[in-house]
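The structure appears below as structure tokens.
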Amino acid sequence: MKTHHKLPLLQAGSPQGFRHIELTDPDAPSAWSVKSYTLRGGLQDGVDVVEIRHGKFSFAVLPTRGMGIWKGRYGDCPLGWDSPVKDPVNPAFINLQERGGLGWLKGFNEWFVRCGLNSMGAPGMDTVLDNSGNAFDVPLTLHGNIANIPARAVDLEITDTAIILRGEVDETMMFGPALRLNTEIRTELGSGAITVTDTVTNLGNNPVEHQMLYHINYGAPLLQKGARLLAPFKQVAPRDPRSAEGIQTFDQYGAPEVGFVEQAYYYELVGKRGSRDTMALLRNAAGDHASLLRFSLKDFPCFTLWKNTAGQADGYVTGLEPATSYPNPRRFEREKGRVIVLGSGESRTTEMRIESLDTKTAIRSAEAEIKKLQKAAKPSVSANPLASHADIS
Amino acid sequence: MKTHHKLPLLQAGSPQGFRHIELTDPDAPSAWSVKSYTLRGGLQDGVDVVEIRHGKFSFAVLPTRGMGIWKGRYGDCPLGWDSPVKDPVNPAFINLQERGGLGWLKGFNEWFVRCGLNSMGAPGMDTVLDNSGNAFDVPLTLHGNIANIPARAVDLEITDTAIILRGEVDETMMFGPALRLNTEIRTELGSGAITVTDTVTNLGNNPVEHQMLYHINYGAPLLQKGARLLAPFKQVAPRDPRSAEGIQTFDQYGAPEVGFVEQAYYYELVGKRGSRDTMALLRNAAGDHASLLRFSLKDFPCFTLWKNTAGQADGYVTGLEPATSYPNPRRFEREKGRVIVLGSGESRTTEMRIESLDTKTAIRSAEAEIKKLQKAAKPSVSANPLASHADIS
Amino acid sequence: MKTHHKLPLLQAGSPQGFRHIELTDPDAPSAWSVKSYTLRGGLQDGVDVVEIRHGKFSFAVLPTRGMGIWKGRYGDCPLGWDSPVKDPVNPAFINLQERGGLGWLKGFNEWFVRCGLNSMGAPGMDTVLDNSGNAFDVPLTLHGNIANIPARAVDLEITDTAIILRGEVDETMMFGPALRLNTEIRTELGSGAITVTDTVTNLGNNPVEHQMLYHINYGAPLLQKGARLLAPFKQVAPRDPRSAEGIQTFDQYGAPEVGFVEQAYYYELVGKRGSRDTMALLRNAAGDHASLLRFSLKDFPCFTLWKNTAGQADGYVTGLEPATSYPNPRRFEREKGRVIVLGSGESRTTEMRIESLDTKTAIRSAEAEIKKLQKAAKPSVSANPLASHADIS
């Protein structure tokens, strides 16, 4: 493998700022281009973008929004969704505490959004211990901070076979969690796949709690009436009574329905023995377009399926959410032993692969893989929320 | 009418950002110029400005502050006021939740400020229904969000007879109100008038509440001892006991008075039969300078007069406030049936004309118009707050 | 004295923005340079910096963070500390209300930080009177606003003998405190000293409360095992029971200790008769490096020593904190009569000198000065918090 380009787009501590480049090799086996720029005006003022294209695949990363992935396209299939929030929003304009801790929703429109690093899930008061062991209350906001922290460093590498974007995002404060995300977003030339390798490090001297959820979101056309979610599981249960109403069709999607109220299903997935590798496949009705997640349950033991097949203008969207825990209030997840604690200097590295499929053959093959994984466990669907998963007190 | 210039100053979704131009036609019958630039440094860093001048009239629009109008001038008469907040403030620096929901006051210094779009008026907890019909509490902040949202698109048009600035501002979120403001700010060459035509659209699939108040503010010299507010009305009542103290002189102004505590008067104006067109005139003591609002009660059925003749350094200012309701807590206005609900995709278009007058003749003529309108109703002044208008519980 | 350069770096109300310059005179008796630039990218995006160097002394001022001083260096001795917050943070990204009013800690990493202007100290609810004499509750956030307000004007002056940087920072709002800080940061060429002359003015027509604390912070190597704090005092008392645990060694420092919980000591210093000039000296174990504060008790009657000898990665740091009061909740300080009230238009000017010492001789001489000052009072060390200083209710 030969590296053709290796250059910083943003260097921590430098007055240079985000570098605007345009690189392309139209003659490569899989013609590629990388373009970086900064959006200006409105709520998007100052949002840096890195657009990566090769073959029939493209996607745009937002360093300013915690290295989230704004949107993608594979052939003629857009990856992402249409949010009521039209433009990427500079975190400077976001107040996470708005509307009772729901301010995150004013910037929510990406294909791939990280939730974390110190907390994620439902907003609410949590009680934490300070260094002297005294308890104090911290109002946690929906899905934590990481999506609203600009990366402090971004690097681009282009090799014979892949384009790799790396970023560093600090979620730190004095007298509080000091967590660093180092992400590598890699795409092999000619593929329709992204591999996100995230390393989260506790920069501090004391243990700190860590949560991470990938909010991977799809709207039309992948999401449509008759679309399905396939994944090998031991157990699926609705999050709440509203979700229980839809349990008969928990893995199937309806058309946009104005007034549809969101539903969520908590999965215990099955993974390969040893590696605990697993899969989740969202495929359209015809079975000729799909997005496939591949990850290990060692990295993301919990999986949530979020169904929001509301009206198109309200955000017709489903979220595939591999995570370190379920997106309940952190207080609840802690009680269930699902909140990770990183020791001083400790790092945790995870990998997520997102593949775009656009042939029935490829999709059937992925389905066969899922069926094979399913053999390891009898799938059980609970009609009602389970106390082990959901805060149904 | 011939269009000489038609150009975007800011395009949604473009990395171009706000365009800095300087156009002028000194030889036109009414020599005009338009200049656009971005303020830099301090709290004003990143605030875009469009300065429009023709004849003896000029004003500056702030796209970054929701297309508000910073200040104007007609001949030697400044339009606007001196706030303790000296510079236009980039919304990135504003936390609307500060000081118990009063953060809006840290950016308040414009001549013309919109309050809305989903709420306006006094801060406080409101209860709203989510899509599943469940009630939840939302802490509303003073005068809502719109003045602190940057426009995502701005267009300039210059014709034979007018300069027209258009802007689009999105007040949207996931799982919340998705309202769009499209404003057109038009000034006829050679006039001292602005016509603001606002269209607010519910971008979402579900009905959404909408409130709008124009906070149109004047300080010295238009505001001075002996200045008066003239408007045709059926009913005027003080907002609260403090305002009741000044009911004898509710339409007259005193000199700056250190320690003066604000007063507000709720008007039921009279409009022309049919069009329901009405007027409100602020004129100085000598009656040779005035600012005149023309609008329809169909658009703005409620009018509030805000008197804050405090010390000059504390903000010697009066606000003329045509609105969809009174600026009470939204909860109260909803009970009184004064909160608008826009259906899915529904738009509401309103028009406000602000005229600068600088001759006794013109002012006398406006006063005569007001007197004529007044004939349709016997004006009643209530010594005390009315339960129908004011939250006096 | 001859002025060689006098130029604005930032002018209020100008679209010019912060001026990037590089001035140097390598041939001057004490070779000097001044460089100004704007940091870009990450949380530091838009933070203006002025770097001043002469002889073996250098320091960097952050106009965007209320004219705080980021870090310095004297010879091989860094001045400042290593915070878990790595980059200077643009206030646009700070929400002071976060984590129950502790959002200030997300931007805390400077050598010299002002706390104020209307409040400082511990966060919490305070009750204030509005202009009509009605009480209302204001949630105060940790250490107030001033460190998170960008300067609106910055001027540089370079003379034969000194480099002087001036800045103006407005902490104003409508219907609230309107305070202006005018600071002059002066360094004599060839010295290792900074003199900070701050003037705080009440721009408003009504009296307003004013608090100021200088949070002057040092980490390694000045702070180290065996380092000491020397100051002439009448009385020292621990802030709280935790601090009482360390009263035996209140003026001595330990090595970094993971899990160390902060301690604070409230001093009543002794000043020279008349001028009330006093000193506080932080010196390393060997006694060959030190930082010395010189100020008058007329300006800063209260002094707090903050010891946070935690693990290096958690922020191994001590704060020397001359202030108008102790950093208790403002409500408590008001009761004790320690909150300043500035009348309409009233200004208060203070001076703080920070000297870098790097010879045993200079340090011994400073210690001798302190001993001499100490003669005026018998030093008393209280084993327990005193009700007069600390909110021990």
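Note on naming: chains are A, B, ... as they come in the structure tokens, residues start from 1 per chain, ligands start from 1 in the order shown.
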Next on the checklist: Distance cut-off 8 Å, counting only C-alpha atoms - which residues of chain A neighbour chain C? Return them as a VMD selection string.
Outcome noted: chain A and resid 10 to 18 64 91 to 93 95 97 131 to 132 137 to 140 149 to 153 172 to 175 178 203 to 206
Checklist entry - Got a sec: who's within 10 Å of Leu297 (chain C), counting only C-alpha atoms, leaving out chain neighbours fewer than 6 positions off, as a VMD selection string? => result chain C and resid 268 to 272 275 to 279 303 322 to 324 350
Just-selected residues, N, CA and C atoms written as a tab-separated table (two decimals), in the first residue's frame:
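result.tsv was written with the following content:
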chain	number	residue	atom	x	y	z
C	268	GLU	N	-6.81	37.26	55.58
C	268	GLU	CA	-6.85	38.71	55.80
C	268	GLU	C	-5.40	39.15	55.77
C	269	LEU	N	-5.02	39.76	54.68
C	269	LEU	CA	-3.62	40.16	54.52
C	269	LEU	C	-3.34	41.45	55.30
C	270	VAL	N	-2.05	41.69	55.48
C	270	VAL	CA	-1.59	42.95	56.08
C	270	VAL	C	-1.00	43.80	54.97
C	271	GLY	N	-1.31	45.05	54.98
C	271	GLY	CA	-0.73	45.95	54.00
C	271	GLY	C	0.06	47.06	54.67
C	272	LYS	N	0.82	47.75	53.86
C	272	LYS	CA	1.58	48.89	54.36
C	272	LYS	C	0.61	49.93	54.90
C	275	SER	N	-0.78	53.19	52.12
C	275	SER	CA	-1.05	52.65	50.78
C	275	SER	C	-1.77	51.31	50.84
C	276	ARG	N	-1.60	50.65	51.99
C	276	ARG	CA	-2.12	49.29	52.17
C	276	ARG	C	-1.58	48.32	51.11
C	277	ASP	N	-0.44	48.64	50.57
C	277	ASP	CA	0.21	47.74	49.61
C	277	ASP	C	0.60	46.44	50.28
C	278	THR	N	0.40	45.35	49.56
C	278	THR	CA	0.77	44.06	50.11
C	278	THR	C	1.35	43.17	49.01
C	279	MET	N	1.67	41.94	49.37
C	279	MET	CA	2.36	41.04	48.46
C	279	MET	C	1.91	39.60	48.71
C	303	PHE	N	-8.17	37.91	50.03
C	303	PHE	CA	-7.24	37.06	49.29
C	303	PHE	C	-7.57	35.61	49.61
C	322	PRO	N	-6.51	37.42	44.58
C	322	PRO	CA	-6.86	38.72	45.19
C	322	PRO	C	-8.22	39.14	44.66
C	323	ALA	N	-9.04	39.69	45.52
C	323	ALA	CA	-10.42	39.95	45.10
C	323	ALA	C	-11.07	41.02	45.95
C	324	THR	N	-12.21	41.47	45.46
C	324	THR	CA	-13.00	42.44	46.22
C	324	THR	C	-13.72	41.77	47.38
C	350	THR	N	-8.19	49.67	39.74
C	350	THR	CA	-7.33	48.86	40.59
C	350	THR	C	-6.05	48.53	39.83
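The space between CA of Gly192 (chain A) and CA of Ser356 (chain A) spans 5.0 Å.
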Item to check | Spatial neighbours of Leu189 (chain C), 12 Å, only C-alpha atoms, chain gap at least 2 places, as an NGL selection string | outcome: :C and (25 or 28-33 or 52-58 or 158-164 or 186-187 or 191-194)
Pull C-alpha atoms from the residues just selected and write them as a short mmCIF file (atom, residue, chain, number, x, y, z; two decimals), in the first residue's frame.
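Output (again.cif):
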data_model
loop_
_atom_site.label_atom_id
_atom_site.label_comp_id
_atom_site.auth_asym_id
_atom_site.auth_seq_id
_atom_site.Cartn_x
_atom_site.Cartn_y
_atom_site.Cartn_z
CA ASP C 25 12.68 45.45 17.21
CA ALA C 28 16.29 47.40 21.01
CA PRO C 29 18.15 47.16 24.34
CA SER C 30 15.58 44.54 25.25
CA ALA C 31 14.68 42.92 21.95
CA TRP C 32 10.91 42.82 21.66
CA SER C 33 8.14 41.58 19.41
CA ILE C 52 4.09 39.99 23.63
CA ARG C 53 7.77 39.15 24.01
CA HIS C 54 10.74 41.10 25.28
CA GLY C 55 13.99 39.96 26.75
CA LYS C 56 13.33 36.62 28.36
CA PHE C 57 9.71 37.36 29.17
CA SER C 58 6.69 36.54 27.05
CA ILE C 158 4.82 50.55 22.30
CA THR C 159 7.09 53.13 23.85
CA ASP C 160 10.80 53.40 24.57
CA THR C 161 10.29 51.59 27.82
CA ALA C 162 7.10 49.57 27.76
CA ILE C 163 4.55 47.62 25.77
CA ILE C 164 0.97 48.43 26.70
CA ARG C 186 1.60 46.98 30.76
CA THR C 187 5.04 45.40 30.73
CA SER C 191 11.39 43.25 33.06
CA GLY C 192 9.59 40.04 33.94
CA ALA C 193 6.58 41.96 35.17
CA ILE C 194 3.05 42.76 34.11
#
Next on the checklist: Please report the interatomic distance between CA of Asp288 (chain C) and CA of Gln248 (chain C) in Å with one decimal.
Outcome noted: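 Pair CA of Asp288 (chain C) / CA of Gln248 (chain C) returns 24.3 Å.
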Item to check | All residues 6 Å or closer to region 115-126 of chain B, only C-alpha atoms, same chain fewer than 6 positions away omitted, as a list of chain:residue names | outcome: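 Close residues of region 115-126 of chain B: B:Gly101, B:Asp137, B:Val138, B:Pro139, B:Leu140, B:Thr141, B:Leu142, B:His143, B:Gly144, B:Ile146, B:Glu209, B:His210, B:Gln211, B:Met212, B:Leu213, B:Pro327, B:Asn328, B:Pro329, B:Arg331.
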Next on the checklist: Can you tell me which residues surround Leu305 (chain C) at a distance of at most 7 Å, considering only C-alpha atoms, apart from same-chain residues fewer than 3 positions away, and format the answer as a PyMOL selection string?
Outcome noted: chain C and resi 264-266+319-321
Output for the residues just chosen: N, CA and C atoms as a PDB file, in the first residue's frame:
ATOM      1  N   ALA C 264      -9.115  25.470  50.056  1.00  0.00           N
ATOM      2  CA  ALA C 264      -9.017  26.917  49.891  1.00  0.00           C
ATOM      3  C   ALA C 264      -8.875  27.571  51.252  1.00  0.00           C
ATOM      4  N   TYR C 265      -8.056  28.609  51.293  1.00  0.00           N
ATOM      5  CA  TYR C 265      -7.791  29.334  52.540  1.00  0.00           C
ATOM      6  C   TYR C 265      -8.084  30.805  52.334  1.00  0.00           C
ATOM      7  N   TYR C 266      -8.834  31.349  53.255  1.00  0.00           N
ATOM      8  CA  TYR C 266      -9.210  32.754  53.190  1.00  0.00           C
ATOM      9  C   TYR C 266      -8.245  33.559  54.055  1.00  0.00           C
ATOM     10  N   GLY C 319      -4.215  28.504  42.783  1.00  0.00           N
ATOM     11  CA  GLY C 319      -4.704  29.815  42.383  1.00  0.00           C
ATOM     12  C   GLY C 319      -4.444  30.828  43.475  1.00  0.00           C
ATOM     13  N   LEU C 320      -3.824  31.956  43.104  1.00  0.00           N
ATOM     14  CA  LEU C 320      -3.667  33.095  44.014  1.00  0.00           C
ATOM     15  C   LEU C 320      -4.781  34.059  43.626  1.00  0.00           C
ATOM     16  N   GLU C 321      -5.635  34.393  44.568  1.00  0.00           N
ATOM     17  CA  GLU C 321      -6.876  35.058  44.192  1.00  0.00           C
ATOM     18  C   GLU C 321      -7.153  36.333  44.983  1.00  0.00           C
TER      19      GLU C 321
END
